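Text of the file protein_20.csv, holding CSV, C-alpha atoms:
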chain,number,residue,atom,x,y,z
A,10,MET,CA,-8.7,31.2,3.2
A,11,THR,CA,-12.4,30.5,3.3
A,12,ASP,CA,-14.0,28.8,6.2
A,13,PRO,CA,-15.3,25.3,5.6
A,14,LEU,CA,-19.1,24.9,5.5
A,15,ALA,CA,-20.5,23.2,8.6
A,16,THR,CA,-23.1,20.9,7.0
A,17,ARG,CA,-22.9,17.3,8.0
A,18,GLU,CA,-25.2,14.3,8.2
A,19,ARG,CA,-24.3,12.2,11.1
A,20,PHE,CA,-23.9,8.4,10.9
A,21,ALA,CA,-25.3,8.1,7.4
A,22,ASP,CA,-25.9,4.4,6.7
A,23,ARG,CA,-25.7,4.4,3.0
A,24,PRO,CA,-22.6,4.2,0.9
A,25,SER,CA,-23.8,7.1,-1.2
A,26,SER,CA,-24.6,9.3,1.7
A,27,ARG,CA,-23.1,12.8,2.1
A,28,TYR,CA,-22.1,13.4,5.7
A,29,GLY,CA,-18.7,15.1,5.4
A,30,PRO,CA,-18.2,18.8,5.7
A,31,ARG,CA,-17.8,20.6,2.3
A,32,ARG,CA,-14.5,22.3,1.8
A,33,ALA,CA,-14.0,25.5,0.1
A,34,HIS,CA,-11.3,26.3,-2.6
A,35,ALA,CA,-8.1,27.9,-1.4
A,36,ARG,CA,-7.6,31.3,-2.9
A,37,GLN,CA,-5.1,30.6,-5.6
A,38,PRO,CA,-5.3,31.6,-9.3
A,39,LYS,CA,-6.2,28.2,-10.6
A,40,VAL,CA,-7.0,25.9,-7.7
A,41,LYS,CA,-7.5,22.3,-8.7
A,42,ARG,CA,-9.2,20.3,-6.0
A,43,ARG,CA,-7.9,16.8,-6.5
A,44,ARG,CA,-8.5,13.2,-5.5
A,45,LEU,CA,-5.6,11.8,-3.4
A,46,ARG,CA,-5.4,8.2,-2.4
A,47,ARG,CA,-3.1,9.1,0.4
A,48,THR,CA,-3.2,10.7,3.8
A,49,VAL,CA,0.1,12.3,3.8
A,50,LEU,CA,-1.2,15.8,3.8
A,51,VAL,CA,-2.1,15.4,7.5
A,52,LEU,CA,1.6,15.4,8.1
A,53,LEU,CA,2.3,18.3,5.9
A,54,ALA,CA,-0.3,20.4,7.5
A,55,VAL,CA,1.7,20.4,10.7
A,56,VAL,CA,5.2,20.9,9.3
A,57,VAL,CA,5.2,24.6,10.3
A,58,VAL,CA,4.1,23.7,13.8
A,59,ALA,CA,7.0,21.3,14.1
A,60,ALA,CA,9.3,24.1,13.0
A,61,GLY,CA,8.3,26.3,15.8
A,62,GLY,CA,4.6,27.1,15.8
A,63,THR,CA,4.8,30.3,13.8
A,64,TYR,CA,1.2,29.9,12.6
A,65,GLY,CA,-0.8,30.2,15.8
A,66,TRP,CA,-3.9,30.8,13.8
A,67,ALA,CA,-3.8,27.2,12.6
A,68,GLU,CA,-5.2,26.1,15.9
A,69,THR,CA,-8.5,27.8,15.0
A,70,ARG,CA,-8.6,26.2,11.6
A,71,LEU,CA,-8.8,22.6,12.8
A,72,ASN,CA,-12.1,21.0,12.2
A,73,ARG,CA,-12.6,18.9,15.3
A,74,ASP,CA,-15.6,17.0,14.0
A,75,VAL,CA,-15.1,13.4,15.0
A,76,ASP,CA,-16.4,11.8,18.2
A,77,LEU,CA,-14.2,8.7,18.8
A,78,GLY,CA,-16.6,7.3,21.4
A,79,ALA,CA,-19.8,7.8,19.5
A,80,TYR,CA,-20.5,4.0,19.4
A,81,GLY,CA,-19.3,3.1,22.8
A,82,ASP,CA,-18.0,-0.4,23.7
A,83,ARG,CA,-14.4,0.7,23.2
A,84,PRO,CA,-11.2,-1.4,24.0
A,85,ALA,CA,-9.4,-0.5,27.2
A,86,PRO,CA,-6.6,2.1,26.8
A,87,GLY,CA,-3.3,0.4,25.9
A,88,LYS,CA,0.2,1.6,26.2
A,89,GLY,CA,1.6,4.2,23.9
A,90,THR,CA,-0.5,6.2,21.4
A,91,ASN,CA,-2.5,5.1,18.4
A,92,TYR,CA,-3.4,7.4,15.5
A,93,LEU,CA,-5.7,6.4,12.7
A,94,ILE,CA,-4.7,8.4,9.6
A,95,VAL,CA,-7.2,8.4,6.8
A,96,GLY,CA,-7.5,9.8,3.3
A,97,SER,CA,-11.0,10.5,1.9
A,98,ASP,CA,-12.0,11.0,-1.7
A,99,SER,CA,-14.7,13.6,-1.3
A,100,ARG,CA,-15.4,15.4,-4.6
A,101,ASP,CA,-16.8,18.4,-2.9
A,102,GLY,CA,-15.0,21.4,-4.3
A,103,LEU,CA,-14.1,19.8,-7.6
A,104,SER,CA,-15.3,21.5,-10.7
A,105,GLU,CA,-16.4,19.4,-13.6
A,106,ASP,CA,-13.1,20.3,-15.4
A,107,ASP,CA,-11.1,19.2,-12.4
A,108,VAL,CA,-12.9,15.8,-12.2
A,109,GLN,CA,-12.2,15.2,-15.9
A,110,ASP,CA,-8.6,16.4,-15.8
A,111,LEU,CA,-7.8,14.4,-12.7
A,112,HIS,CA,-9.7,11.2,-13.7
A,113,ALA,CA,-11.6,11.6,-10.5
A,114,GLY,CA,-14.7,9.8,-11.7
A,115,GLY,CA,-18.3,10.5,-10.9
A,116,GLY,CA,-20.4,10.0,-7.8
A,117,GLY,CA,-20.7,12.0,-4.6
A,118,GLY,CA,-20.4,11.6,-0.9
A,119,ARG,CA,-17.2,10.9,0.9
A,120,ARG,CA,-15.3,7.6,1.0
A,121,THR,CA,-12.0,6.3,2.1
A,122,ASP,CA,-9.7,3.7,0.8
A,123,SER,CA,-6.4,4.7,2.4
A,124,MET,CA,-5.9,4.0,6.1
A,125,MET,CA,-2.8,3.9,8.3
A,126,LEU,CA,-2.5,3.0,11.9
A,127,LEU,CA,0.4,4.8,13.5
A,128,HIS,CA,1.6,3.6,16.9
A,129,THR,CA,4.2,5.4,19.1
A,130,GLY,CA,5.5,4.2,22.4
A,131,ALA,CA,8.5,3.2,24.5
A,132,ASN,CA,9.6,0.6,21.9
A,133,GLY,CA,9.6,2.9,18.9
A,134,THR,CA,7.2,3.8,16.2
A,135,SER,CA,5.3,1.5,13.8
A,136,MET,CA,3.1,2.4,10.8
A,137,VAL,CA,0.7,-0.3,9.7
A,138,SER,CA,-1.2,0.0,6.4
A,139,LEU,CA,-4.8,-1.2,6.5
A,140,PRO,CA,-5.9,-1.9,2.9
A,141,ARG,CA,-9.3,-0.7,2.0
A,142,ASP,CA,-10.4,-4.1,0.8
A,143,SER,CA,-9.6,-5.8,4.1
A,144,TRP,CA,-12.3,-8.3,5.1
A,145,VAL,CA,-13.5,-7.3,8.6
A,146,THR,CA,-16.6,-7.5,10.8
A,147,VAL,CA,-18.5,-4.2,10.8
A,148,PRO,CA,-20.1,-3.9,14.2
A,149,GLY,CA,-23.9,-3.8,14.7
A,150,ARG,CA,-25.3,-0.3,14.4
A,151,LEU,CA,-28.5,1.7,14.0
A,152,ASP,CA,-29.5,2.0,10.3
A,153,THR,CA,-30.7,5.6,10.3
A,154,SER,CA,-32.4,5.1,6.9
A,155,THR,CA,-34.8,2.5,8.3
A,156,GLY,CA,-34.6,3.0,12.1
A,157,LYS,CA,-33.7,-0.6,12.5
A,158,THR,CA,-30.7,-2.1,14.2
A,159,LYS,CA,-28.3,-3.9,11.9
A,160,ARG,CA,-26.4,-7.0,13.1
A,161,PRO,CA,-22.6,-7.3,12.8
A,162,GLU,CA,-21.7,-8.3,9.2
A,163,GLY,CA,-18.7,-9.1,7.2
A,164,ASP,CA,-17.7,-6.4,4.7
A,165,LYS,CA,-14.7,-4.4,3.3
A,166,LEU,CA,-13.0,-2.0,5.7
A,167,ASN,CA,-13.8,1.0,3.6
A,168,ALA,CA,-17.5,0.1,3.7
A,169,ALA,CA,-17.5,1.1,7.4
A,170,PHE,CA,-16.6,4.6,6.5
A,171,ALA,CA,-19.3,4.7,3.8
A,172,TYR,CA,-22.0,3.4,6.2
A,173,GLY,CA,-21.2,5.5,9.2
A,174,GLY,CA,-18.3,7.9,8.6
A,175,PRO,CA,-15.2,8.3,10.8
A,176,GLU,CA,-17.0,7.2,13.9
A,177,LEU,CA,-18.0,3.8,12.5
A,178,LEU,CA,-14.7,3.4,10.9
A,179,VAL,CA,-12.9,3.9,14.2
A,180,HIS,CA,-15.3,1.6,15.9
A,181,THR,CA,-14.7,-1.1,13.3
A,182,VAL,CA,-10.9,-0.8,13.5
A,183,GLU,CA,-11.0,-1.0,17.3
A,184,GLN,CA,-13.3,-4.0,17.3
A,185,ASN,CA,-11.2,-5.9,14.7
A,186,THR,CA,-7.8,-5.0,16.2
A,187,GLY,CA,-8.4,-4.7,19.9
A,188,LEU,CA,-6.5,-1.4,19.8
A,189,ARG,CA,-8.0,1.8,21.2
A,190,ILE,CA,-7.7,4.7,18.8
A,191,ASP,CA,-6.4,7.8,20.6
A,192,HIS,CA,-6.6,10.2,17.7
A,193,TYR,CA,-8.0,10.4,14.3
A,194,ALA,CA,-6.8,12.6,11.4
A,195,GLU,CA,-8.4,12.7,7.9
A,196,ILE,CA,-7.3,14.7,4.9
A,197,GLY,CA,-9.4,15.3,1.9
A,198,PHE,CA,-8.0,14.8,-1.6
A,199,ALA,CA,-8.8,18.4,-2.6
A,200,GLY,CA,-5.5,19.9,-1.4
A,201,PHE,CA,-3.1,17.2,-2.5
A,202,VAL,CA,-1.9,18.7,-5.8
A,203,ASN,CA,-1.5,22.1,-4.3
A,204,ILE,CA,0.6,20.7,-1.5
A,205,VAL,CA,2.9,18.7,-3.8
A,206,ASP,CA,3.3,21.7,-6.1
A,207,ALA,CA,3.9,24.1,-3.1
A,208,ILE,CA,7.1,22.1,-2.1
A,209,GLY,CA,8.3,22.0,-5.7
A,210,GLY,CA,7.2,18.4,-6.5
A,211,VAL,CA,8.4,15.1,-5.2
A,212,ARG,CA,11.4,13.2,-6.5
A,213,MET,CA,10.5,9.5,-7.1
A,214,CYS,CA,12.4,6.7,-8.8
A,215,LEU,CA,10.3,4.1,-10.6
A,216,ASP,CA,11.5,0.6,-11.4
A,217,ARG,CA,9.1,0.2,-14.4
A,218,ASN,CA,6.8,2.2,-16.7
A,219,ILE,CA,3.4,2.9,-15.3
A,220,LYS,CA,0.4,3.7,-17.6
A,221,ASP,CA,-3.1,3.5,-16.1
A,222,GLU,CA,-6.1,5.0,-17.9
A,223,LYS,CA,-8.3,5.0,-14.8
A,224,SER,CA,-5.9,7.1,-12.7
A,225,GLY,CA,-4.3,9.0,-15.6
A,226,ALA,CA,-0.8,7.7,-14.6
A,227,ASP,CA,1.6,7.9,-17.5
A,228,LEU,CA,5.1,7.6,-16.0
A,229,ARG,CA,8.4,6.3,-17.4
A,230,LYS,CA,10.9,4.1,-15.6
A,231,GLY,CA,13.6,6.1,-13.9
A,232,CYS,CA,13.8,9.1,-11.5
A,233,HIS,CA,11.5,12.0,-12.0
A,234,THR,CA,10.3,15.0,-10.0
A,235,LEU,CA,6.5,14.5,-10.0
A,236,ASN,CA,4.2,17.5,-9.9
A,237,GLY,CA,0.9,17.4,-8.0
A,238,LYS,CA,-1.1,15.9,-10.9
A,239,GLN,CA,1.5,13.2,-11.6
A,240,ALA,CA,1.9,12.3,-7.9
A,241,LEU,CA,-1.9,12.0,-7.5
A,242,ALA,CA,-2.1,9.6,-10.4
A,243,PHE,CA,0.8,7.5,-9.0
A,244,VAL,CA,-0.7,7.0,-5.6
A,245,ARG,CA,-4.2,6.2,-7.1
A,246,GLN,CA,-3.2,3.6,-9.6
A,247,ARG,CA,-3.6,-0.1,-8.7
A,248,HIS,CA,-4.6,-1.9,-11.9
A,249,GLN,CA,-1.1,-2.6,-13.0
A,250,GLU,CA,-0.1,-3.9,-9.6
A,251,LYS,CA,0.1,-7.6,-9.3
A,252,GLU,CA,-1.1,-7.4,-5.7
A,253,GLY,CA,-3.9,-4.9,-6.5
A,254,ASP,CA,-4.9,-2.9,-3.4
A,255,LEU,CA,-2.0,-4.3,-1.4
A,256,GLY,CA,0.5,-3.2,-4.1
A,257,ARG,CA,-1.0,0.2,-4.1
A,258,SER,CA,-0.6,0.4,-0.3
A,259,LYS,CA,3.1,-0.3,-0.8
A,260,ASN,CA,3.4,2.5,-3.4
A,261,GLN,CA,1.7,4.8,-1.0
A,262,GLN,CA,4.1,4.0,1.8
A,263,LYS,CA,7.0,4.7,-0.6
A,264,PHE,CA,5.5,8.0,-1.6
A,265,LEU,CA,4.8,8.9,2.0
A,266,SER,CA,8.4,8.3,2.9
A,267,THR,CA,9.7,10.5,0.1
A,268,LEU,CA,7.3,13.3,0.7
A,269,ALA,CA,7.8,13.4,4.5
A,270,HIS,CA,11.6,13.5,4.0
A,271,GLN,CA,11.4,16.3,1.4
A,272,ALA,CA,8.8,18.3,3.3
A,273,ALA,CA,11.1,18.3,6.3
A,274,ARG,CA,14.2,19.6,4.6
A,275,PRO,CA,15.5,22.8,6.3
A,276,ASP,CA,14.8,25.2,3.4
A,277,THR,CA,11.2,24.1,3.4
A,278,LEU,CA,10.6,23.9,7.1
A,279,PHE,CA,11.8,27.4,7.9
A,280,ASP,CA,10.5,29.3,4.9
A,281,PRO,CA,7.0,30.7,5.6
A,282,LEU,CA,6.7,31.7,2.0
A,283,GLU,CA,7.4,28.1,1.0
A,284,MET,CA,5.1,26.4,3.4
A,285,GLY,CA,2.3,29.0,3.7
A,286,PRO,CA,0.3,27.7,0.7
A,287,ALA,CA,0.9,24.1,1.7
A,288,MET,CA,-0.3,24.8,5.2
A,289,GLN,CA,-3.4,26.6,4.0
A,290,ALA,CA,-4.3,23.8,1.5
A,291,GLY,CA,-3.8,21.1,4.2
A,292,LEU,CA,-5.8,22.7,6.9
A,293,ASP,CA,-8.7,23.4,4.5
A,294,THR,CA,-9.3,19.7,4.1
A,295,LEU,CA,-8.3,18.4,7.5
A,296,ILE,CA,-10.7,16.7,9.9
A,297,VAL,CA,-9.6,15.5,13.3
A,298,ASP,CA,-11.2,14.2,16.5
A,299,LYS,CA,-12.6,16.4,19.2
A,300,ASP,CA,-9.6,16.1,21.4
A,301,MET,CA,-6.9,16.7,18.8
A,302,SER,CA,-4.6,19.7,19.2
A,303,LEU,CA,-1.8,21.1,17.0
A,304,ARG,CA,0.6,19.7,19.6
A,305,ASP,CA,-0.9,16.2,19.0
A,306,LEU,CA,-0.6,16.8,15.2
A,307,THR,CA,3.0,17.8,15.7
A,308,ARG,CA,3.7,14.6,17.7
A,309,MET,CA,2.0,12.6,14.9
A,310,PHE,CA,4.1,14.3,12.2
A,311,ARG,CA,7.3,13.8,14.0
A,312,ALA,CA,6.5,10.1,14.6
A,313,ALA,CA,5.6,9.5,11.0
A,314,GLN,CA,8.7,11.4,9.8
A,315,SER,CA,10.8,9.2,12.1
A,316,VAL,CA,9.3,5.9,10.8
A,317,THR,CA,9.5,7.0,7.2
A,318,GLY,CA,13.1,8.1,7.8
A,319,GLY,CA,14.1,4.5,8.8
A,320,HIS,CA,13.7,4.9,12.6
A,321,GLY,CA,10.7,2.6,13.0
A,322,LYS,CA,8.7,0.0,11.1
A,323,GLN,CA,6.5,0.3,8.1
A,324,ILE,CA,4.3,-2.7,7.9
A,325,ASN,CA,1.4,-4.0,5.8
A,326,VAL,CA,-1.1,-5.9,7.9
A,327,PRO,CA,-0.2,-9.6,7.3
A,328,VAL,CA,-2.6,-11.2,4.8
A,329,SER,CA,-3.4,-14.9,4.1
A,330,GLY,CA,-5.4,-14.3,0.9
A,331,ILE,CA,-5.6,-11.7,-1.9
A,332,GLY,CA,-8.6,-11.4,-4.2
A,333,VAL,CA,-10.7,-13.8,-2.1
A,334,PRO,CA,-14.3,-13.8,-3.5
A,335,THR,CA,-17.1,-12.9,-1.1
A,336,PRO,CA,-20.7,-11.6,-1.5
A,337,LYS,CA,-19.2,-8.1,-1.2
A,338,GLY,CA,-16.6,-8.6,-3.9
A,339,ASN,CA,-13.0,-9.7,-3.9
A,340,VAL,CA,-11.2,-8.9,-0.6
A,341,LEU,CA,-8.0,-9.2,1.3
A,342,LYS,CA,-8.1,-11.6,4.3
A,343,TRP,CA,-5.8,-10.9,7.2
A,344,ASP,CA,-3.7,-13.7,8.5
A,345,ALA,CA,-5.5,-14.4,11.8
A,346,LYS,CA,-2.6,-15.5,13.9
A,347,ARG,CA,0.0,-13.1,12.6
A,348,SER,CA,-2.3,-10.0,12.6
A,349,ALA,CA,-3.5,-10.9,16.1
A,350,ARG,CA,0.2,-11.1,17.3
A,351,LEU,CA,1.0,-7.7,15.6
A,352,PHE,CA,-2.0,-5.9,17.2
A,353,ALA,CA,-1.2,-7.5,20.6
A,354,ASP,CA,2.4,-6.2,20.4
A,355,LEU,CA,1.1,-2.7,19.6
A,356,ARG,CA,-1.6,-2.8,22.3
A,357,HIS,CA,1.0,-3.8,25.0
A,358,ASP,CA,3.7,-1.6,23.4
A,359,ARG,CA,6.0,-4.5,23.0
A,360,PRO,CA,8.8,-4.6,20.3
A,361,VAL,CA,7.1,-5.4,17.0
A,362,THR,CA,8.6,-8.5,15.3
A,363,GLU,CA,6.1,-8.8,12.5
A,364,THR,CA,7.3,-7.7,9.0
A,365,GLY,CA,4.0,-8.0,7.1
A,366,ARG,CA,5.8,-9.9,4.4
A,367,PRO,CA,4.5,-13.3,3.1
For the structure just supplied, provide its representation as structure tokens.
Amino acid sequence: MTDPLATRERFADRPSSRYGPRRAHARQPKVKRRRLRRTVLVLLAVVVVAAGGTYGWAETRLNRDVDLGAYGDRPAPGKGTNYLIVGSDSRDGLSEDDVQDLHAGGGGGRRTDSMMLLHTGANGTSMVSLPRDSWVTVPGRLDTSTGKTKRPEGDKLNAAFAYGGPELLVHTVEQNTGLRIDHYAEIGFAGFVNIVDAIGGVRMCLDRNIKDEKSGADLRKGCHTLNGKQALAFVRQRHQEKEGDLGRSKNQQKFLSTLAHQAARPDTLFDPLEMGPAMQAGLDTLIVDKDMSLRDLTRMFRAAQSVTGGHGKQINVPVSGIGVPTPKGNVLKWDAKRSARLFADLRHDRPVTETGRP
């Protein structure tokens, strides 16, 4: 493997800013660095650790680049542990052919539109999807491009990441949910296809045909083993979804459940030849907080595996409106009462009764 480059612009306050570390290609004959609209690779990157820690070198590969307390004014610690799991769409490392082949689009920088809040505690595990188009209040901050202080403003959740990276995203999630984020894990899209291919593809059953020009999805109704490119297109597409970004989040949860289950099967977990390439691809694009250890990642993986295996709750944050017009475009608005109750239950580690359904 090659070491990631260390370049980073801190707290860039422009959506087009490049502040994320560039990631190098994994050494494989034809490496395709892809866009993924899912964060599942964070989980796969620690599968081997969960199997017994046979890759001690992995500890040195973690890029502990995120300062959760950079903005201060954090909620008090709650009960249990909260992980913010994020997928970013950095095109660093993608060749022009890769961009075209994977329908990755143009542009630069690093953005996110896939976010999951994973809570573990005495009353079980809950995984809450936070759609990228959620309408939230982005806290006041210093605009490094002008040197002026910006006031709090309404915007989409993924705009917080574009304006100020993981630190501002964490700060925004904390301020809008009242939950203190204990750990952050972000996976770049570059390793996704290699991971899926490394475990032999992912078996998915579709209830309808899916054809989407923007993502490149062209899948037939029925059960198929999706290779990396097909899986990438599936988790990216949203234009055929009646619920748009919310529908895509549901597809992503379905894919996460299937992938976590397949990656954890015995013949995968205990075969270093099987998981070696996947481990390498995952770690090459993984960014975590300064206090994250492989032990913490193992706990996160096991918790996510548990909830996707049916021993926990998978929830979409309750919404009261879809496609609501605002000066920042159409957004999803959270149901104020139901979402507040959900986050309060998580903060106090109470049994979660919210389903996220309308």
So, counting only C-alpha atoms, which residue among A:Thr146, A:Thr181, A:Ser97, A:Thr69 is closest to A:Asp82? A:Thr181
Just the residues within 6 Å of stretch 87-92 of chain A, please, counting all atoms listed in the file, with nothing from its chain fewer than 6 positions along; format it as a list in words.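 Residues near the query, excluding close chain neighbours: Leu126, Leu127, His128, Thr129, Gly130, Ile190, Asp191, His192, Tyr193, Arg356, His357 and Asp358 of chain A.
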How many Å separate atom CA of A:Ala131 from atom CA of A:Pro360?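 If I compute the distance from atom CA of A:Ala131 to atom CA of A:Pro360, I get 8.9 Å.
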Residue with the minimum atom-to-atom distance to A:Leu215, picked from A:Tyr80, A:Phe264, A:Phe170, A:Phe352 with only C-alpha atoms counted, is A:Phe264
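Between atom CA of A:Leu151 and atom CA of A:Ile296 there is a distance of 23.6 Å.
With distances restricted to all atoms listed in the file, A:Arg308 is the closest residue to A:Thr134 from A:Lys159, A:Arg350, A:Arg229, A:Arg308.
If you look at atom CA of A:Asp221 and atom CA of A:Val244, they are 11.3 Å away from each other.
Each of A:Ala194, A:Val145, A:Ala312, A:Ala168 was compared to A:Val95 using all atoms listed in the file, and A:Ala194 turns out to be the nearest.
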What's the 8 Å shell around A:Ala169, counting all atoms listed in the file, without same-chain residues fewer than 6 positions away, as a PyMOL selection string? chain A and resi 147+177-178+181
Which is closest to A:Asp76 among A:Ala240, A:Val137, A:Val179, A:Ile331, if we use all atoms listed in the file?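 Of the candidates, the smallest distance to A:Asp76 is held by A:Val179.
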Restricting the calculation to only C-alpha atoms, which member of A:Thr158, A:Thr186, A:Ser123, A:Ser135 is positioned closest to A:Ala353?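 Counting only C-alpha atoms, the residue closest to A:Ala353 is A:Thr186.
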